[in-house]
file work.txt (compact mmCIF, C-alpha atoms and all ligand atoms)
# COMPACT_ATOMS: atom_id res chain seq x y z
CA MET A 150 20.38 -3.64 -1.91
CA ALA A 151 17.14 -2.52 -3.47
CA LYS A 152 17.68 1.18 -2.77
CA ASP A 153 14.13 1.92 -3.80
CA VAL A 154 12.91 0.19 -0.68
CA ALA A 155 16.01 0.37 1.48
CA SER A 156 15.82 4.11 1.81
CA TYR A 157 12.51 3.73 3.66
CA ILE A 158 14.38 2.29 6.60
CA SER A 159 17.92 3.57 6.30
CA GLY A 160 17.18 7.00 7.67
CA ASP A 161 18.24 8.81 4.50
CA ASP A 162 14.76 10.11 3.70
CA THR A 163 14.48 13.85 3.24
CA HIS A 164 11.92 15.10 5.71
CA ASN A 165 10.67 18.55 4.80
CA HIS A 166 8.76 19.75 7.82
CA ASN A 167 7.36 22.87 6.11
CA ASN A 168 3.59 22.52 6.42
CA GLN A 169 4.26 19.03 7.82
CA LYS A 170 4.96 17.76 4.29
CA LEU A 171 7.27 14.74 4.17
CA ILE A 172 9.14 13.57 1.08
CA TYR A 173 10.31 9.94 0.94
CA PRO A 174 12.82 9.68 -1.93
CA ALA A 175 11.86 6.05 -2.49
CA ALA A 176 8.19 7.02 -2.88
CA THR A 177 9.21 9.73 -5.34
CA ARG A 178 11.07 7.12 -7.39
CA ASN A 179 8.47 4.38 -7.37
CA GLN A 180 5.25 6.43 -7.68
CA ASP A 181 5.26 6.64 -11.48
CA PRO A 182 5.98 2.94 -12.14
CA ILE A 183 3.14 2.08 -9.72
CA LEU A 184 0.82 4.60 -11.43
CA GLN A 185 1.44 2.85 -14.75
CA VAL A 186 0.25 -0.43 -13.18
CA LEU A 187 -2.82 1.25 -11.66
CA LYS A 188 -3.74 2.62 -15.08
CA ARG A 189 -3.99 -1.00 -16.25
CA PHE A 190 -6.14 -2.25 -13.38
CA LEU A 191 -8.34 0.62 -12.13
CA ILE A 192 -11.73 0.89 -13.75
CA CYS A 193 -13.74 4.06 -13.17
CA ASP A 194 -16.76 4.96 -15.27
CA VAL A 195 -17.48 8.31 -13.58
CA ASP A 196 -15.72 11.69 -13.76
CA SER A 197 -16.43 12.97 -10.27
CA ILE A 198 -16.47 11.75 -6.69
CA GLU A 199 -19.90 13.43 -6.38
CA ASP A 200 -21.25 10.53 -8.45
CA GLU A 201 -22.62 7.78 -6.18
CA GLU A 202 -20.90 5.19 -8.40
CA SER A 203 -17.49 6.67 -7.52
CA PRO A 204 -15.24 3.75 -6.50
CA LEU A 205 -13.50 3.74 -3.09
CA PHE A 206 -9.71 3.18 -3.10
CA LEU A 207 -8.45 2.54 0.44
CA GLU A 208 -4.72 2.85 1.11
CA ILE A 209 -3.23 1.05 4.11
CA ALA A 210 0.08 2.38 5.52
CA ALA A 211 0.20 5.63 3.54
CA GLY A 212 3.50 6.79 5.04
CA SER A 213 4.22 10.33 3.80
CA GLY A 214 0.99 10.43 1.74
CA GLN A 215 2.87 10.98 -1.52
CA HIS A 216 1.52 7.99 -3.42
CA LEU A 217 -2.15 9.01 -3.42
CA ALA A 218 -1.19 12.62 -4.14
CA TYR A 219 0.53 11.39 -7.30
CA PHE A 220 -2.20 8.92 -8.31
CA ALA A 221 -5.41 10.84 -7.55
CA PRO A 222 -5.29 13.51 -10.32
CA HIS A 223 -5.13 10.68 -12.88
CA PHE A 224 -8.42 9.19 -11.58
CA PRO A 225 -10.71 12.15 -10.73
CA GLY A 226 -13.75 9.87 -10.35
CA VAL A 227 -12.10 7.67 -7.70
CA ARG A 228 -12.43 8.46 -3.96
CA PHE A 229 -9.00 7.93 -2.44
CA GLN A 230 -8.92 7.26 1.31
CA PRO A 231 -5.41 7.29 2.86
CA THR A 232 -4.84 5.59 6.24
CA GLU A 233 -1.88 5.15 8.57
CA VAL A 234 -1.22 3.56 11.97
CA ASP A 235 1.45 6.16 12.88
CA ASP A 236 -0.36 9.33 13.91
CA SER A 237 2.80 11.43 13.47
CA LEU A 238 2.38 10.95 9.70
CA LEU A 239 -1.20 12.22 9.49
CA GLY A 240 -0.11 15.88 9.13
CA SER A 241 1.92 15.09 6.02
CA ILE A 242 -0.84 12.92 4.54
CA SER A 243 -3.36 15.74 5.21
CA TYR A 244 -1.05 18.24 3.51
CA TYR A 245 -0.99 16.17 0.32
CA ALA A 246 -4.75 15.51 0.48
CA GLU A 247 -5.64 19.18 0.96
CA ASN A 248 -3.36 20.26 -1.90
CA CYS A 249 -4.63 17.70 -4.39
CA PRO A 250 -5.91 19.72 -7.39
CA THR A 251 -8.68 17.21 -8.16
CA LYS A 252 -9.91 17.20 -4.51
CA ASN A 253 -10.55 13.46 -4.50
CA ILE A 254 -8.33 12.49 -1.54
CA MET A 255 -10.25 12.23 1.73
CA PRO A 256 -8.72 13.34 5.05
CA PRO A 257 -6.54 10.51 6.43
CA LYS A 258 -7.85 7.97 8.94
CA LEU A 259 -5.80 6.38 11.71
CA ILE A 260 -6.02 2.65 10.97
CA ASP A 261 -4.11 -0.33 12.34
CA ILE A 262 -4.53 -3.05 9.73
CA CYS A 263 -4.27 -5.71 12.44
CA GLN A 264 -7.75 -4.59 13.56
CA LYS A 265 -10.98 -5.32 11.72
CA LEU A 266 -11.97 -2.50 9.36
CA SER A 267 -15.47 -2.61 10.89
CA SER A 268 -13.93 -1.02 14.00
CA TYR A 269 -13.22 2.02 11.78
CA GLY A 270 -16.74 2.18 10.34
CA PHE A 271 -16.30 0.14 7.15
CA GLU A 272 -18.98 -2.31 6.09
CA GLU A 273 -18.21 -5.74 4.69
CA ASN A 274 -18.08 -5.94 0.87
CA SER A 275 -17.84 -2.15 0.55
CA ILE A 276 -14.33 -1.37 -0.76
CA ASP A 277 -13.48 -1.29 -4.47
CA TYR A 278 -9.66 -1.21 -4.22
CA LEU A 279 -7.30 -1.89 -1.32
CA TYR A 280 -3.74 -0.63 -1.83
CA ASN A 281 -0.65 -1.28 0.25
CA ALA A 282 2.96 -0.40 -0.61
CA ASN A 283 6.04 -1.35 1.34
CA MET A 284 4.43 -2.47 4.59
CA ILE A 285 4.35 -6.26 4.22
CA HIS A 286 8.11 -6.72 4.71
CA ILE A 287 8.57 -3.77 7.14
CA SER A 288 6.10 -4.94 9.78
CA PRO A 289 5.40 -8.14 11.72
CA TYR A 290 3.69 -10.92 9.74
CA ALA A 291 0.52 -10.30 11.78
CA CYS A 292 0.07 -7.10 9.74
CA THR A 293 0.13 -9.10 6.49
CA VAL A 294 -2.41 -11.52 7.96
CA GLY A 295 -4.58 -8.54 8.98
CA LEU A 296 -4.27 -7.04 5.49
CA PHE A 297 -5.41 -10.24 3.77
CA GLU A 298 -8.21 -10.92 6.30
CA ASN A 299 -9.54 -7.39 5.85
CA ALA A 300 -9.25 -7.65 2.07
CA GLY A 301 -11.23 -10.91 2.13
CA ASN A 302 -13.99 -9.40 4.28
CA TYR A 303 -14.23 -5.76 3.18
CA LEU A 304 -13.50 -5.77 -0.57
CA LYS A 305 -16.53 -6.09 -2.82
CA PRO A 306 -16.77 -9.38 -4.76
CA ASP A 307 -14.35 -9.32 -7.75
CA ALA A 308 -12.61 -6.21 -6.30
CA LEU A 309 -8.82 -5.92 -6.23
CA MET A 310 -6.08 -5.59 -3.62
CA ILE A 311 -2.80 -4.21 -4.96
CA THR A 312 0.40 -4.79 -2.99
CA TYR A 313 3.82 -3.41 -3.89
CA GLY A 314 7.27 -4.30 -2.57
CA PRO A 315 9.99 -6.97 -2.71
CA TYR A 316 9.03 -10.64 -2.24
CA SER A 317 10.67 -14.06 -2.30
CA LYS A 318 9.25 -16.91 -4.39
CA ASP A 319 9.25 -20.59 -3.32
CA GLY A 320 11.69 -19.77 -0.53
CA VAL A 321 14.19 -18.13 -2.89
CA ILE A 322 15.13 -14.44 -2.74
CA THR A 323 16.66 -12.89 -5.85
CA PRO A 324 18.87 -11.08 -6.64
CA GLU A 325 21.72 -10.93 -4.13
CA SER A 326 20.85 -7.32 -3.27
CA ASN A 327 17.43 -8.45 -2.01
CA ILE A 328 19.05 -11.24 0.05
CA GLN A 329 21.12 -8.55 1.76
CA PHE A 330 18.11 -6.32 2.15
CA ASP A 331 16.13 -9.14 3.80
CA ALA A 332 19.03 -9.80 6.19
CA SER A 333 19.24 -6.10 7.07
CA LEU A 334 15.51 -5.98 7.81
CA ARG A 335 15.70 -9.05 10.06
CA ALA A 336 18.76 -7.64 11.85
CA ARG A 337 16.82 -4.48 12.53
CA ASN A 338 13.67 -6.28 13.67
CA ALA A 339 13.41 -10.08 13.89
CA ASP A 340 9.69 -9.88 12.96
CA TRP A 341 10.37 -8.07 9.66
CA GLY A 342 11.57 -9.53 6.36
CA LEU A 343 10.58 -10.33 2.80
CA ARG A 344 7.46 -12.52 2.58
CA ASP A 345 7.16 -15.43 0.19
CA ILE A 346 4.65 -15.22 -2.65
CA THR A 347 3.84 -18.92 -2.26
CA ASP A 348 2.93 -18.36 1.43
CA LEU A 349 0.91 -15.28 0.49
CA ILE A 350 -1.05 -17.30 -2.08
CA LYS A 351 -1.97 -19.77 0.72
CA LEU A 352 -2.95 -16.87 3.01
CA ALA A 353 -5.00 -15.38 0.17
CA ASP A 354 -6.75 -18.70 -0.43
CA LYS A 355 -7.85 -18.83 3.24
CA ASN A 356 -9.34 -15.36 2.78
CA ASN A 357 -11.22 -15.86 -0.46
CA LEU A 358 -8.62 -14.07 -2.60
CA SER A 359 -6.49 -15.21 -5.52
CA LEU A 360 -3.35 -13.88 -7.15
CA MET A 361 -4.50 -12.49 -10.49
CA ASP A 362 -1.28 -10.93 -11.81
CA THR A 363 2.36 -10.30 -10.93
CA VAL A 364 4.00 -7.21 -12.43
CA GLU A 365 7.79 -6.90 -12.34
CA MET A 366 8.83 -3.42 -11.18
CA PRO A 367 12.09 -1.42 -11.10
CA ALA A 368 14.64 -2.08 -8.34
CA ASN A 369 13.66 -5.76 -7.92
CA ASN A 370 10.18 -5.05 -6.64
CA LYS A 371 6.85 -6.47 -7.75
CA THR A 372 3.26 -5.32 -7.82
CA LEU A 373 0.90 -8.16 -6.94
CA ILE A 374 -2.74 -7.95 -8.01
CA TRP A 375 -5.10 -9.96 -5.77
CA LYS A 376 -8.73 -10.53 -6.66
CA LYS A 377 -11.54 -11.28 -4.24
CA ASN A 378 -13.35 -14.41 -5.36
C1 LIG B 401 8.04 1.76 4.62
S1 LIG B 401 6.62 2.63 5.09
C2 LIG B 401 5.74 2.69 3.54
C3 LIG B 401 4.98 3.98 3.36
C4 LIG B 401 4.27 4.15 2.01
N1 LIG B 401 3.29 3.13 1.78
C5 LIG B 401 5.26 4.19 0.88
O1 LIG B 401 5.38 3.19 0.14
O2 LIG B 401 5.93 5.21 0.72
C6 LIG B 401 5.73 1.41 6.02
C7 LIG B 401 4.49 1.95 6.71
O3 LIG B 401 3.76 0.88 7.29
C8 LIG B 401 3.08 1.40 8.41
N2 LIG B 401 2.56 0.32 9.26
C9 LIG B 401 3.28 -0.51 10.04
N3 LIG B 401 2.46 -1.31 10.73
C10 LIG B 401 1.18 -1.00 10.38
C11 LIG B 401 -0.11 -1.44 10.77
N4 LIG B 401 -0.25 -2.39 11.70
N5 LIG B 401 -1.20 -0.90 10.20
C12 LIG B 401 -1.06 0.07 9.27
N6 LIG B 401 0.14 0.57 8.87
C13 LIG B 401 1.24 0.04 9.42
C14 LIG B 401 4.14 2.26 9.07
O4 LIG B 401 3.59 3.20 9.99
C15 LIG B 401 4.82 2.90 7.87
O5 LIG B 401 4.29 4.18 7.58

call {"tool": "encode", "arguments": {"input": "work.txt", "output": "structure tokens"}}
result
Amino acid sequence: MAKDVASYISGDDTHNHNNQKLIYPAATRNQDPILQVLKRFLICDVDSIEDEESPLFLEIAAGSGQHLAYFAPHFPGVRFQPTEVDDSLLGSISYYAENCPTKNIMPPKLIDICQKLSSYGFEENSIDYLYNANMIHISPYACTVGLFENAGNYLKPDALMITYGPYSKDGVITPESNIQFDASLRARNADWGLRDITDLIKLADKNNLSLMDTVEMPANNKTLIWKKN
């Protein structure tokens, strides 16, 4: 099984409740490989979030909040906005945001990606980057539909959505460990499971997005780069 992702659901995460800070071992393992991909795709011409040109990077399903805490110091001119649907995680996300040395992580917002982002105050064509790790396969497909619909409506033209996790391709899951992982997800919740890149491309097409790049990642994961047309 892809331990990198499996540990999100197997209950073996180390939860450090000091100051409400949570540590997901999988997030600790995958944060640097994801950062290396972001360094290839994030463009920021300003040094500070005080600059009105500072791009907005919206994270959906932030979990512990570790990912943005790791990324933000590398992009001091980017405004990072973490969000989560589970309000019990907001304390941990706030902890990481408040302790970010570059002070470019905003306080977390409670957002259900199945709802329109306008209901949370976002304007259409206003977001520079949408980022989502490890939610697509660990939530009902309606959440994936909501993610792509919101990306299509709320990203600026030519802006990017970055999704990270395990996927199947043309109905085929590889390797065997991911087949087992998919089965374990579906056994736990019949509405969960790996999504197929070919289906996601069709969903993207309906929402004015196209798959721009696929980056192979450790532990049989991929980072998909989607571009708004
Ligand atoms: C496996 S965790 C991933 C956390 C984090 N992105 C990471 O990679 O460490 C999946 C997250 O998806 C969130 N989630 C599930 N349904 C959601 C929804 N409808 N809207 C936003 N987030 C959702 C869960 O609350 C959970 O925190």

call {"tool": "closest_residue", "arguments": {"input": "work.txt", "among": "A:Ser288, A:Thr177, A:Ser333, A:Ser359", "to": "ligand LIG 401 (chain B)", "atoms": "only C-alpha atoms and all ligand atoms"}}
result
A:Ser288

call {"tool": "residues_around", "arguments": {"input": "work.txt", "residues": "Lys258 (chain A)", "least_positions_apart": "3", "cutoff": "9 Å", "atoms": "all atoms listed in the file", "output": "number ranges by chain"}}
result
A: 230-234, 239, 255, 269

call {"tool": "write_last_selection", "arguments": {"input": "work.txt", "atoms": "C-alpha atoms", "output": "PDB file, in the coordinates of the input"}}
result
ATOM      1  CA  GLN A 230      -8.920   7.260   1.310  1.00  0.00           C
ATOM      2  CA  PRO A 231      -5.410   7.290   2.860  1.00  0.00           C
ATOM      3  CA  THR A 232      -4.840   5.590   6.240  1.00  0.00           C
ATOM      4  CA  GLU A 233      -1.880   5.150   8.570  1.00  0.00           C
ATOM      5  CA  VAL A 234      -1.220   3.560  11.970  1.00  0.00           C
ATOM      6  CA  LEU A 239      -1.200  12.220   9.490  1.00  0.00           C
ATOM      7  CA  MET A 255     -10.250  12.230   1.730  1.00  0.00           C
ATOM      8  CA  TYR A 269     -13.220   2.020  11.780  1.00  0.00           C
TER       9      TYR A 269
END

call {"tool": "atom_distance", "arguments": {"input": "work.txt", "atom1": "atom C7 of ligand LIG 401 (chain B)", "atom2": "CA of Ala210 (chain A)"}}
result
4.6 Å

call {"tool": "residues_around", "arguments": {"input": "work.txt", "residues": "Lys188 (chain A)", "least_positions_apart": "3", "cutoff": "10 Å", "atoms": "all atoms listed in the file", "output": "PyMOL selection string"}}
result
chain A and resi 183-185+191-192+220+223-224

call {"tool": "write_last_selection", "arguments": {"input": "work.txt", "atoms": "C-alpha atoms", "output": "mmCIF file, in the frame of the given file"}}
result
data_model
loop_
_atom_site.group_PDB
_atom_site.id
_atom_site.type_symbol
_atom_site.label_atom_id
_atom_site.label_comp_id
_atom_site.auth_asym_id
_atom_site.auth_seq_id
_atom_site.Cartn_x
_atom_site.Cartn_y
_atom_site.Cartn_z
ATOM 1 C CA ILE A 183 3.140 2.080 -9.720
ATOM 2 C CA LEU A 184 0.820 4.600 -11.430
ATOM 3 C CA GLN A 185 1.440 2.850 -14.750
ATOM 4 C CA LEU A 191 -8.340 0.620 -12.130
ATOM 5 C CA ILE A 192 -11.730 0.890 -13.750
ATOM 6 C CA PHE A 220 -2.200 8.920 -8.310
ATOM 7 C CA HIS A 223 -5.130 10.680 -12.880
ATOM 8 C CA PHE A 224 -8.420 9.190 -11.580
#

call {"tool": "closest_residue", "arguments": {"input": "work.txt", "among": "A:Arg335, A:His216, A:Lys377, A:Lys351", "to": "ligand LIG 401 (chain B)", "atoms": "only C-alpha atoms and all ligand atoms"}}
result
A:His216

call {"tool": "axis_aligned_box", "arguments": {"input": "work.txt", "around": "ligand LIG 401 (chain B)", "padding_each_side": "3 Å", "output": "JSON"}}
result
{"center_x": 3.4, "center_y": 1.4, "center_z": 5.9, "size_x": 15.2, "size_y": 13.6, "size_z": 17.6}

call {"tool": "residues_near_ligand", "arguments": {"input": "work.txt", "ligand": "ligand LIG 401 (chain B)", "cutoff": "9 Å", "atoms": "all atoms listed in the file", "output": "NGL selection string"}}
result
:A and (154-158 or 172-177 or 179-180 or 208-216 or 232-238 or 259-264 or 280-289 or 291-293 or 295-296 or 313-314)

call {"tool": "closest_residue", "arguments": {"input": "work.txt", "among": "A:Asp194, A:Glu272, A:Asp181, A:Asp319", "to": "Leu304 (chain A)", "atoms": "only C-alpha atoms"}}
result
A:Glu272

call {"tool": "atom_distance", "arguments": {"input": "work.txt", "atom1": "CA of Leu358 (chain A)", "atom2": "CA of Pro315 (chain A)"}}
result
19.9 Å

call {"tool": "residues_around", "arguments": {"input": "work.txt", "residues": "Ser197 (chain A)", "least_positions_apart": "2", "cutoff": "6 Å", "atoms": "all atoms listed in the file", "output": "PDB file with C-alpha atoms, keeping the file's coordinate frame"}}
result
ATOM      1  CA  VAL A 195     -17.480   8.310 -13.580  1.00  0.00           C
ATOM      2  CA  GLU A 199     -19.900  13.430  -6.380  1.00  0.00           C
ATOM      3  CA  ASP A 200     -21.250  10.530  -8.450  1.00  0.00           C
ATOM      4  CA  PRO A 225     -10.710  12.150 -10.730  1.00  0.00           C
ATOM      5  CA  GLY A 226     -13.750   9.870 -10.350  1.00  0.00           C
TER       6      GLY A 226
END

call {"tool": "residues_around", "arguments": {"input": "work.txt", "residues": "Asp345 (chain A)", "least_positions_apart": "4", "cutoff": "7 Å", "atoms": "only C-alpha atoms", "output": "compact mmCIF listing (two decimals) with C-alpha atoms, in the coordinates of the input"}}
result
# COMPACT_ATOMS: atom_id res chain seq x y z
CA TYR A 316 9.03 -10.64 -2.24
CA SER A 317 10.67 -14.06 -2.30
CA LYS A 318 9.25 -16.91 -4.39
CA ASP A 319 9.25 -20.59 -3.32
CA GLY A 320 11.69 -19.77 -0.53
CA LEU A 349 0.91 -15.28 0.49

call {"tool": "atom_distance", "arguments": {"input": "work.txt", "atom1": "CA of Ala246 (chain A)", "atom2": "CA of Pro222 (chain A)"}}
result
11.0 Å

call {"tool": "closest_residue", "arguments": {"input": "work.txt", "among": "A:Ala308, A:Leu207, A:Val227, A:Leu343", "to": "Leu266 (chain A)", "atoms": "only C-alpha atoms"}}
result
A:Leu207

call {"tool": "closest_residue", "arguments": {"input": "work.txt", "among": "A:Trp341, A:Arg228, A:Gly240, A:Asp277", "to": "Ile254 (chain A)", "atoms": "all atoms listed in the file"}}
result
A:Arg228

call {"tool": "closest_residue", "arguments": {"input": "work.txt", "among": "A:Pro306, A:Gly342, A:Pro257, A:Pro324", "to": "Lys376 (chain A)", "atoms": "all atoms listed in the file"}}
result
A:Pro306
